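So this block is structure.json, JSON, C-alpha atoms:
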```json
[["chain", "number", "residue", "atom", "x", "y", "z"],
["A", 18, "ALA", "CA", 70.99, 102.41, 97.25],
["A", 19, "ARG", "CA", 68.70, 103.92, 94.67],
["A", 20, "GLN", "CA", 71.58, 104.42, 92.22],
["A", 21, "LEU", "CA", 72.83, 100.87, 92.76],
["A", 22, "ALA", "CA", 69.34, 99.49, 92.10],
["A", 23, "TRP", "CA", 69.07, 101.33, 88.80],
["A", 24, "ARG", "CA", 72.55, 100.27, 87.77],
["A", 25, "ALA", "CA", 71.53, 96.68, 88.40],
["A", 26, "ALA", "CA", 68.33, 97.11, 86.39],
["A", 27, "ARG", "CA", 70.17, 98.62, 83.44],
["A", 28, "GLY", "CA", 72.83, 95.92, 83.67],
["A", 29, "LEU", "CA", 70.08, 93.31, 83.46],
["A", 30, "GLY", "CA", 68.77, 94.98, 80.30],
["A", 31, "THR", "CA", 72.25, 94.86, 78.77],
["A", 32, "LEU", "CA", 72.58, 91.16, 79.57],
["A", 33, "LEU", "CA", 69.22, 90.41, 77.95],
["A", 34, "ASP", "CA", 70.28, 92.33, 74.84],
["A", 35, "SER", "CA", 73.47, 90.29, 74.52],
["A", 36, "ALA", "CA", 71.75, 86.98, 75.26],
["A", 37, "ALA", "CA", 68.79, 87.39, 72.89],
["A", 38, "PRO", "CA", 69.36, 90.18, 70.36],
["A", 39, "GLY", "CA", 65.91, 89.71, 68.83],
["A", 40, "ALA", "CA", 64.07, 89.85, 72.13],
["A", 41, "ALA", "CA", 62.81, 93.02, 73.77],
["A", 42, "ALA", "CA", 65.15, 93.93, 76.58],
["A", 43, "PHE", "CA", 64.00, 95.05, 79.98],
["A", 44, "ARG", "CA", 64.09, 98.79, 80.51],
["A", 45, "PRO", "CA", 63.32, 100.67, 83.73],
["A", 46, "PRO", "CA", 60.19, 102.80, 83.42],
["A", 47, "ALA", "CA", 60.62, 106.53, 82.80],
["A", 48, "GLN", "CA", 58.67, 107.28, 85.97],
["A", 49, "ALA", "CA", 58.48, 105.11, 89.06],
["A", 50, "SER", "CA", 57.76, 105.23, 92.75],
["A", 51, "LEU", "CA", 60.82, 103.15, 93.65],
["A", 52, "PHE", "CA", 62.28, 104.00, 97.07],
["A", 53, "GLY", "CA", 59.64, 106.71, 97.61],
["A", 54, "LEU", "CA", 60.53, 108.73, 94.51],
["A", 55, "GLY", "CA", 56.86, 109.27, 93.59],
["A", 56, "HIS", "CA", 56.59, 110.64, 90.08],
["A", 57, "THR", "CA", 60.13, 111.93, 89.81],
["A", 58, "THR", "CA", 61.53, 111.48, 86.30],
["A", 59, "LEU", "CA", 64.53, 109.17, 86.26],
["A", 60, "HIS", "CA", 67.45, 109.77, 83.92],
["A", 61, "ASP", "CA", 70.75, 107.99, 83.30],
["A", 62, "VAL", "CA", 73.27, 106.56, 85.75],
["A", 63, "ASP", "CA", 75.30, 109.74, 86.14],
["A", 64, "ASN", "CA", 72.21, 111.90, 86.68],
["A", 65, "ASP", "CA", 69.50, 109.55, 87.91],
["A", 66, "VAL", "CA", 67.01, 112.25, 88.95],
["A", 67, "ARG", "CA", 66.07, 114.97, 86.45],
["A", 68, "ARG", "CA", 64.10, 117.90, 87.83],
["A", 69, "PRO", "CA", 61.88, 120.13, 85.67],
["A", 70, "SER", "CA", 63.78, 123.14, 84.38],
["A", 71, "ARG", "CA", 63.05, 126.61, 85.74],
["A", 72, "GLN", "CA", 61.97, 127.71, 82.27],
["A", 73, "ALA", "CA", 59.43, 124.89, 82.05],
["A", 74, "LEU", "CA", 58.03, 125.72, 85.48],
["A", 75, "SER", "CA", 57.70, 129.43, 84.74],
["A", 76, "SER", "CA", 56.06, 128.73, 81.38],
["A", 77, "TYR", "CA", 53.61, 126.32, 83.00],
["A", 78, "ALA", "CA", 52.80, 128.90, 85.67],
["A", 79, "ARG", "CA", 51.78, 131.30, 82.94],
["A", 80, "GLY", "CA", 49.38, 128.74, 81.51],
["A", 81, "ASN", "CA", 51.15, 128.36, 78.17],
["A", 82, "ALA", "CA", 53.93, 125.97, 77.26],
["A", 83, "ASP", "CA", 55.29, 128.50, 74.76],
["A", 84, "GLY", "CA", 56.14, 130.93, 77.58],
["A", 85, "TYR", "CA", 55.72, 134.70, 78.00],
["A", 86, "CYS", "CA", 51.96, 134.36, 77.82],
["A", 87, "GLY", "CA", 51.09, 136.84, 80.56],
["A", 88, "THR", "CA", 51.37, 140.06, 78.58],
["A", 89, "THR", "CA", 51.45, 141.88, 75.25],
["A", 90, "ILE", "CA", 53.96, 144.61, 74.40],
["A", 91, "LEU", "CA", 53.84, 146.51, 71.08],
["A", 92, "CYS", "CA", 56.14, 149.16, 69.63],
["A", 93, "VAL", "CA", 55.24, 151.25, 66.57],
["A", 94, "GLN", "CA", 57.35, 153.84, 64.74],
["A", 95, "LYS", "CA", 55.86, 156.11, 62.11],
["A", 96, "GLU", "CA", 56.66, 159.61, 60.82],
["A", 97, "GLY", "CA", 59.24, 160.31, 63.52],
["A", 98, "GLN", "CA", 57.04, 159.17, 66.40],
["A", 99, "THR", "CA", 57.79, 156.11, 68.54],
["A", 100, "VAL", "CA", 55.01, 154.59, 70.66],
["A", 101, "LEU", "CA", 55.51, 151.73, 73.12],
["A", 102, "ILE", "CA", 52.34, 150.28, 74.63],
["A", 103, "GLY", "CA", 51.64, 147.38, 76.99],
["A", 104, "ASP", "CA", 48.59, 145.86, 78.66],
["A", 105, "GLY", "CA", 48.05, 145.78, 82.42],
["A", 106, "GLN", "CA", 46.95, 142.21, 83.18],
["A", 107, "VAL", "CA", 48.77, 139.82, 85.51],
["A", 108, "THR", "CA", 47.85, 136.16, 85.07],
["A", 109, "ALA", "CA", 48.85, 133.27, 87.32],
["A", 110, "GLY", "CA", 47.89, 129.97, 85.73],
["A", 111, "HIS", "CA", 44.24, 130.39, 84.78],
["A", 112, "GLU", "CA", 43.49, 133.25, 87.17],
["A", 113, "VAL", "CA", 43.68, 137.01, 86.63],
["A", 114, "ILE", "CA", 45.50, 138.47, 89.64],
["A", 115, "LYS", "CA", 45.71, 142.16, 88.73],
["A", 116, "HIS", "CA", 44.37, 144.43, 85.99],
["A", 117, "HIS", "CA", 46.53, 147.56, 86.23],
["A", 118, "VAL", "CA", 50.27, 146.84, 86.05],
["A", 119, "ARG", "CA", 52.87, 149.09, 84.46],
["A", 120, "LYS", "CA", 54.94, 146.99, 82.05],
["A", 121, "VAL", "CA", 56.27, 149.94, 80.03],
["A", 122, "ARG", "CA", 58.58, 152.59, 81.44],
["A", 123, "ARG", "CA", 61.33, 155.08, 80.69],
["A", 124, "ILE", "CA", 64.90, 153.97, 81.30],
["A", 125, "GLY", "CA", 66.82, 156.65, 83.16],
["A", 126, "GLU", "CA", 67.38, 160.01, 81.49],
["A", 127, "SER", "CA", 68.68, 158.50, 78.27],
["A", 128, "GLY", "CA", 65.61, 159.09, 76.12],
["A", 129, "VAL", "CA", 65.01, 155.32, 75.89],
["A", 130, "ILE", "CA", 61.72, 153.57, 76.62],
["A", 131, "GLY", "CA", 61.31, 149.86, 77.33],
["A", 132, "GLY", "CA", 58.68, 147.18, 77.86],
["A", 133, "PHE", "CA", 59.00, 143.62, 79.12],
["A", 134, "ALA", "CA", 57.27, 140.26, 79.05],
["A", 135, "GLY", "CA", 58.09, 137.68, 81.70],
["A", 136, "SER", "CA", 59.12, 137.86, 85.34],
["A", 137, "THR", "CA", 58.81, 141.37, 86.83],
["A", 138, "ALA", "CA", 61.79, 141.13, 89.16],
["A", 139, "ASP", "CA", 63.99, 139.78, 86.38],
["A", 140, "ALA", "CA", 62.87, 142.52, 84.00],
["A", 141, "LEU", "CA", 63.63, 145.25, 86.55],
["A", 142, "THR", "CA", 67.10, 143.79, 87.02],
["A", 143, "LEU", "CA", 67.63, 143.92, 83.26],
["A", 144, "TYR", "CA", 66.38, 147.52, 83.17],
["A", 145, "GLU", "CA", 69.03, 148.46, 85.72],
["A", 146, "ARG", "CA", 71.72, 146.68, 83.72],
["A", 147, "LEU", "CA", 70.63, 148.39, 80.50],
["A", 148, "GLU", "CA", 70.59, 151.77, 82.22],
["A", 149, "GLY", "CA", 74.19, 151.15, 83.28],
["A", 150, "LYS", "CA", 75.15, 150.22, 79.71],
["A", 151, "LEU", "CA", 73.48, 153.38, 78.39],
["A", 152, "GLU", "CA", 75.50, 155.45, 80.84],
["A", 153, "GLU", "CA", 78.62, 153.67, 79.59],
["A", 154, "TYR", "CA", 77.64, 154.17, 75.93],
["A", 155, "PRO", "CA", 75.49, 157.34, 75.90],
["A", 156, "GLY", "CA", 73.34, 157.80, 72.81],
["A", 157, "GLN", "CA", 74.24, 154.32, 71.49],
["A", 158, "LEU", "CA", 71.20, 152.12, 72.11],
["A", 159, "ARG", "CA", 72.34, 149.40, 69.71],
["A", 160, "ARG", "CA", 75.76, 149.13, 71.33],
["A", 161, "ALA", "CA", 74.31, 149.14, 74.84],
["A", 162, "SER", "CA", 71.76, 146.46, 73.88],
["A", 163, "VAL", "CA", 74.42, 144.21, 72.36],
["A", 164, "GLU", "CA", 76.56, 144.53, 75.48],
["A", 165, "LEU", "CA", 73.54, 143.68, 77.66],
["A", 166, "ALA", "CA", 72.73, 140.64, 75.51],
["A", 167, "LYS", "CA", 76.33, 139.44, 75.75],
["A", 168, "ALA", "CA", 76.28, 139.75, 79.54],
["A", 169, "TRP", "CA", 72.82, 138.14, 79.72],
["A", 170, "ARG", "CA", 74.07, 135.19, 77.71],
["A", 171, "THR", "CA", 77.45, 134.67, 79.37],
["A", 172, "GLU", "CA", 77.12, 135.67, 83.04],
["A", 173, "LYS", "CA", 75.91, 132.86, 85.27],
["A", 174, "TYR", "CA", 73.73, 135.15, 87.37],
["A", 175, "LEU", "CA", 72.00, 136.85, 84.43],
["A", 176, "ARG", "CA", 71.43, 133.59, 82.57],
["A", 177, "ARG", "CA", 68.71, 132.70, 85.06],
["A", 178, "LEU", "CA", 66.68, 135.85, 84.36],
["A", 179, "ASP", "CA", 63.43, 134.94, 82.64],
["A", 180, "ALA", "CA", 62.15, 137.84, 80.51],
["A", 181, "VAL", "CA", 62.23, 139.40, 77.05],
["A", 182, "MET", "CA", 62.48, 143.14, 76.40],
["A", 183, "ILE", "CA", 61.61, 145.70, 73.75],
["A", 184, "VAL", "CA", 63.62, 148.93, 73.94],
["A", 185, "ALA", "CA", 63.38, 151.94, 71.65],
["A", 186, "ASP", "CA", 64.57, 155.48, 71.15],
["A", 187, "LYS", "CA", 63.69, 158.06, 68.51],
["A", 188, "ASP", "CA", 65.81, 156.28, 65.89],
["A", 189, "CYS", "CA", 65.41, 152.51, 66.37],
["A", 190, "MET", "CA", 63.62, 149.73, 68.23],
["A", 191, "LEU", "CA", 65.17, 146.46, 69.42],
["A", 192, "GLU", "CA", 64.08, 143.16, 70.93],
["A", 193, "ILE", "CA", 66.52, 141.69, 73.46],
["A", 194, "THR", "CA", 66.29, 138.06, 74.59],
["A", 195, "GLY", "CA", 68.16, 135.80, 76.98],
["A", 196, "ASN", "CA", 69.41, 133.73, 74.03],
["A", 197, "GLY", "CA", 71.78, 136.53, 73.09],
["A", 198, "ASP", "CA", 69.55, 137.90, 70.32],
["A", 199, "VAL", "CA", 69.25, 141.61, 69.55],
["A", 200, "ILE", "CA", 66.64, 141.96, 66.82],
["A", 201, "GLU", "CA", 65.88, 145.14, 64.89],
["A", 202, "PRO", "CA", 62.87, 144.88, 62.54],
["A", 203, "ASP", "CA", 62.98, 145.95, 58.89],
["A", 204, "HIS", "CA", 59.73, 147.86, 59.31],
["A", 205, "GLY", "CA", 58.26, 150.01, 62.05],
["A", 206, "VAL", "CA", 56.56, 147.35, 64.19],
["A", 207, "LEU", "CA", 57.79, 145.03, 66.94],
["A", 208, "ALA", "CA", 55.74, 142.96, 69.42],
["A", 209, "VAL", "CA", 56.29, 140.29, 72.10],
["A", 210, "GLY", "CA", 54.11, 138.30, 74.48],
["A", 211, "SER", "CA", 51.11, 136.04, 74.19],
["A", 212, "GLY", "CA", 49.11, 138.56, 72.16],
["A", 213, "GLY", "CA", 52.14, 139.83, 70.30],
["A", 214, "THR", "CA", 51.31, 137.99, 67.09],
["A", 215, "TYR", "CA", 47.83, 139.52, 66.92],
["A", 216, "ALA", "CA", 49.04, 143.02, 67.75],
["A", 217, "PHE", "CA", 51.90, 142.71, 65.28],
["A", 218, "ALA", "CA", 49.64, 141.61, 62.42],
["A", 219, "ALA", "CA", 47.12, 144.36, 63.12],
["A", 220, "ALA", "CA", 49.82, 147.05, 63.31],
["A", 221, "ARG", "CA", 51.41, 145.89, 60.04],
["A", 222, "ALA", "CA", 48.02, 146.10, 58.33],
["A", 223, "LEU", "CA", 47.35, 149.61, 59.68],
["A", 224, "LEU", "CA", 50.84, 150.97, 59.13],
["A", 225, "ASP", "CA", 50.20, 152.08, 55.53],
["A", 226, "VAL", "CA", 46.77, 153.59, 56.21],
["A", 227, "GLU", "CA", 46.87, 157.31, 55.60],
["A", 228, "GLY", "CA", 45.75, 159.58, 58.40],
["A", 229, "LEU", "CA", 46.68, 157.19, 61.22],
["A", 230, "SER", "CA", 49.47, 158.22, 63.56],
["A", 231, "ALA", "CA", 51.74, 155.80, 65.44],
["A", 232, "MET", "CA", 49.59, 156.32, 68.54],
["A", 233, "ASP", "CA", 46.40, 155.48, 66.65],
["A", 234, "ILE", "CA", 47.93, 152.34, 65.19],
["A", 235, "ALA", "CA", 49.31, 151.16, 68.54],
["A", 236, "GLU", "CA", 46.05, 151.63, 70.44],
["A", 237, "LYS", "CA", 43.89, 150.02, 67.74],
["A", 238, "SER", "CA", 46.24, 147.04, 67.39],
["A", 239, "MET", "CA", 46.37, 146.46, 71.14],
["A", 240, "ARG", "CA", 42.57, 146.54, 71.37],
["A", 241, "ILE", "CA", 42.42, 143.85, 68.69],
["A", 242, "ALA", "CA", 44.97, 141.75, 70.62],
["A", 243, "ALA", "CA", 43.01, 142.25, 73.87],
["A", 244, "ASP", "CA", 39.83, 141.02, 72.18],
["A", 245, "ILE", "CA", 41.58, 137.81, 71.04],
["A", 246, "CYS", "CA", 44.15, 136.93, 73.73],
["A", 247, "ILE", "CA", 42.78, 135.91, 77.14],
["A", 248, "TYR", "CA", 46.05, 136.94, 78.84],
["A", 249, "THR", "CA", 45.79, 140.55, 77.58],
["A", 250, "ASN", "CA", 43.42, 143.28, 78.77],
["A", 251, "ASP", "CA", 42.61, 146.80, 77.58],
["A", 252, "LYS", "CA", 44.17, 148.70, 80.50],
["A", 253, "PHE", "CA", 47.09, 150.11, 78.55],
["A", 254, "THR", "CA", 50.26, 151.92, 79.58],
["A", 255, "VAL", "CA", 51.78, 154.09, 76.85],
["A", 256, "GLU", "CA", 55.17, 155.76, 76.47],
["A", 257, "CYS", "CA", 55.83, 158.03, 73.51],
["A", 258, "LEU", "CA", 58.89, 159.64, 71.88],
["A", 259, "PRO", "CA", 58.92, 162.57, 71.59],
["A", 260, "GLU", "CA", 56.91, 163.09, 74.76],
["A", 261, "ALA", "CA", 53.34, 164.07, 74.05],
["A", 262, "ALA", "CA", 53.25, 166.03, 77.32],
["A", 263, "SER", "CA", 56.10, 168.27, 76.21],
["A", 264, "GLU", "CA", 54.32, 169.00, 72.95],
["A", 265, "GLU", "CA", 51.14, 169.92, 74.82],
["A", 266, "GLU", "CA", 53.10, 172.16, 77.17],
["A", 267, "GLY", "CA", 54.72, 173.84, 74.17],
["A", 268, "GLY", "CA", 51.27, 174.41, 72.68],
["A", 269, "ASP", "CA", 49.98, 175.88, 75.95],
["A", 270, "GLU", "CA", 52.97, 178.21, 76.17],
["A", 271, "ALA", "CA", 52.43, 179.36, 72.59],
["A", 272, "GLU", "CA", 48.74, 180.00, 73.34],
["A", 273, "GLU", "CA", 49.61, 181.95, 76.49],
["A", 274, "GLY", "CA", 52.12, 184.00, 74.51],
["A", 275, "LYS", "CA", 49.50, 184.78, 71.89],
["A", 276, "GLN", "CA", 47.02, 185.85, 74.57],
["A", 277, "SER", "CA", 49.61, 188.13, 76.17],
["A", 278, "GLU", "CA", 50.34, 189.71, 72.80],
["A", 279, "ASP", "CA", 46.64, 190.31, 72.22],
["A", 280, "SER", "CA", 46.25, 191.90, 75.64],
["A", 281, "THR", "CA", 49.26, 194.15, 74.99],
["A", 282, "LYS", "CA", 47.75, 195.30, 71.69],
["A", 283, "GLY", "CA", 44.46, 195.99, 73.45],
["A", 284, "GLU", "CA", 46.19, 198.16, 76.02],
["A", 285, "ASP", "CA", 47.97, 200.08, 73.24]]
```
What would you get if you wrote out this structure as structure tokens?
Amino acid sequence: ARQLAWRAARGLGTLLDSAAPGAAAFRPPAQASLFGLGHTTLHDVDNDVRRPSRQALSSYARGNADGYCGTTILCVQKEGQTVLIGDGQVTAGHEVIKHHVRKVRRIGESGVIGGFAGSTADALTLYERLEGKLEEYPGQLRRASVELAKAWRTEKYLRRLDAVMIVADKDCMLEITGNGDVIEPDHGVLAVGSGGTYAFAAARALLDVEGLSAMDIAEKSMRIAADICIYTNDKFTVECLPEAASEEEGGDEAEEGKQSEDSTKGED
């Protein structure tokens, strides 16, 4: 009955157009409460009820129509060191829900680190898919990322996943999106999220400063982004390639070896 009523209304508009070309024809309103529809948006005859898209709803839930506003992820490469850093804030609408969330992690045993902006469950699903691609193409992050982007774009199930990722190894860093894009920057900085623009600009400015390591640049840039973006805090999670822990362990072992040598000489 609702569809017949709107067909009749549109038919009336067509008749008015043909009868008086110079007169303003009747058009059904874009929103109406006809037959209990409330504020549902009405579309054409073939699809008379248009619902808000999932992307629009998720973007609105984050409080920003541009989307991906609930986080900031930054990746910096300099002098053979790769640092991936992310904030820990979870925002729902205009409320801060949690302050310490891990948005950056290692992907399997492949020597790849990744960070995400967007839905957590969707990002974890993409992590699992990327880990499978890395097992299929070991040591080929670019190839694995392209294959993931192809599947993300073409498979009906993956197309609904709402997230964007930054992945990196010791040689390159890439941004992967649901639009089928795999982006590798020309320089050593990549950032996504609501505070990504601020962190990116700060990191680019600090990249050529002598005496600053990739870790120094990443932390300073993220603090600047946290001071500006209300969806970003200063509770950071950091992943580094090569692992800083392994370097410290190597230093401890060297120091222990030196002490043992000194004690041996003393005994002699």
**Report entry** Selected residue, from A:Lys95, A:Asp203, A:Ile247, A:Ser127, that lies nearest to A:Tyr154 when counting only C-alpha atoms
**Finding:** A:Ser127
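Residue nearest A:Gly135, chosen from A:Lys167, A:Lys120, A:Lys237, A:Lys115 and counting all atoms listed in the file: A:Lys120.
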Report task. Choose the residue, out of A:Ile245, A:Met182, A:Met239, A:Leu223, that has the smallest atom-to-atom separation from A:Val209; count all atoms listed in the file. Result -> A:Met182
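Residue nearest A:Asn250 within the list A:Thr171, A:Thr214, A:Thr137, A:Thr89: A:Thr89 [criterion: smallest interatomic distance, only C-alpha atoms].
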**Report entry** Surrounding residues of A:Asp139 excluding itself and chain neighbours under 3 positions, 9 Å, all atoms listed in the file, as a ChimeraX atom specification
**Finding:** /A:135-136,142-144,175,177-180
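In this model, the gap between atom CA of A:Gly132 and atom CA of A:Val255 comes to 9.8 Å.
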**Report entry** Selection: 10 Å around A:Arg146, only C-alpha atoms, excl. self and same-chain fewer than 2 positions, as a list in words
**Finding:** Ala140, Leu141, Thr142, Leu143, Tyr144, Glu148, Gly149, Lys150, Leu151, Glu152, Ala161, Ser162, Glu164, Leu165, Ala168, Trp169 and Leu175 of chain A
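For the residues A:Asn196, A:Ser230, A:Thr254, A:Thr249, ranking by smallest atom-to-atom distance to A:Gln94 using all atoms listed in the file places A:Ser230 first.
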Query raised in the report: So which residues fall inside 7 Å of (56.1, 141.7, 61.9) if we count all atoms listed in the file? Mind giving them as an NGL selection string?
Result: :A and (206-207 or 217-218 or 221)
**Report entry** Who sits within 10 Å of A:Ala222, all atoms listed in the file, same chain under 5 positions skipped, as a PyMOL selection string
**Finding:** chain A and resi 216-217+234+238
Query raised in the report: Hey, can you check how far atom CA of A:Arg123 sits from atom CA of A:Gln98?
Result: 15.5 Å
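Straight-line separation from atom CA of A:Gly197 to atom CA of A:Gly131: 17.5 Å.
Shortest separation to A:Glu260 among A:Gly97, A:Gly228, A:Gly156, A:Gly210 occurs at residue A:Gly97, atoms counted being only C-alpha atoms.
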Query - Neighbours of point (71.6, 144.1, 69.5) within 10 Å, using all atoms listed in the file, written as an NGL selection string - result: :A and (158-167 or 190-194 or 197-201)
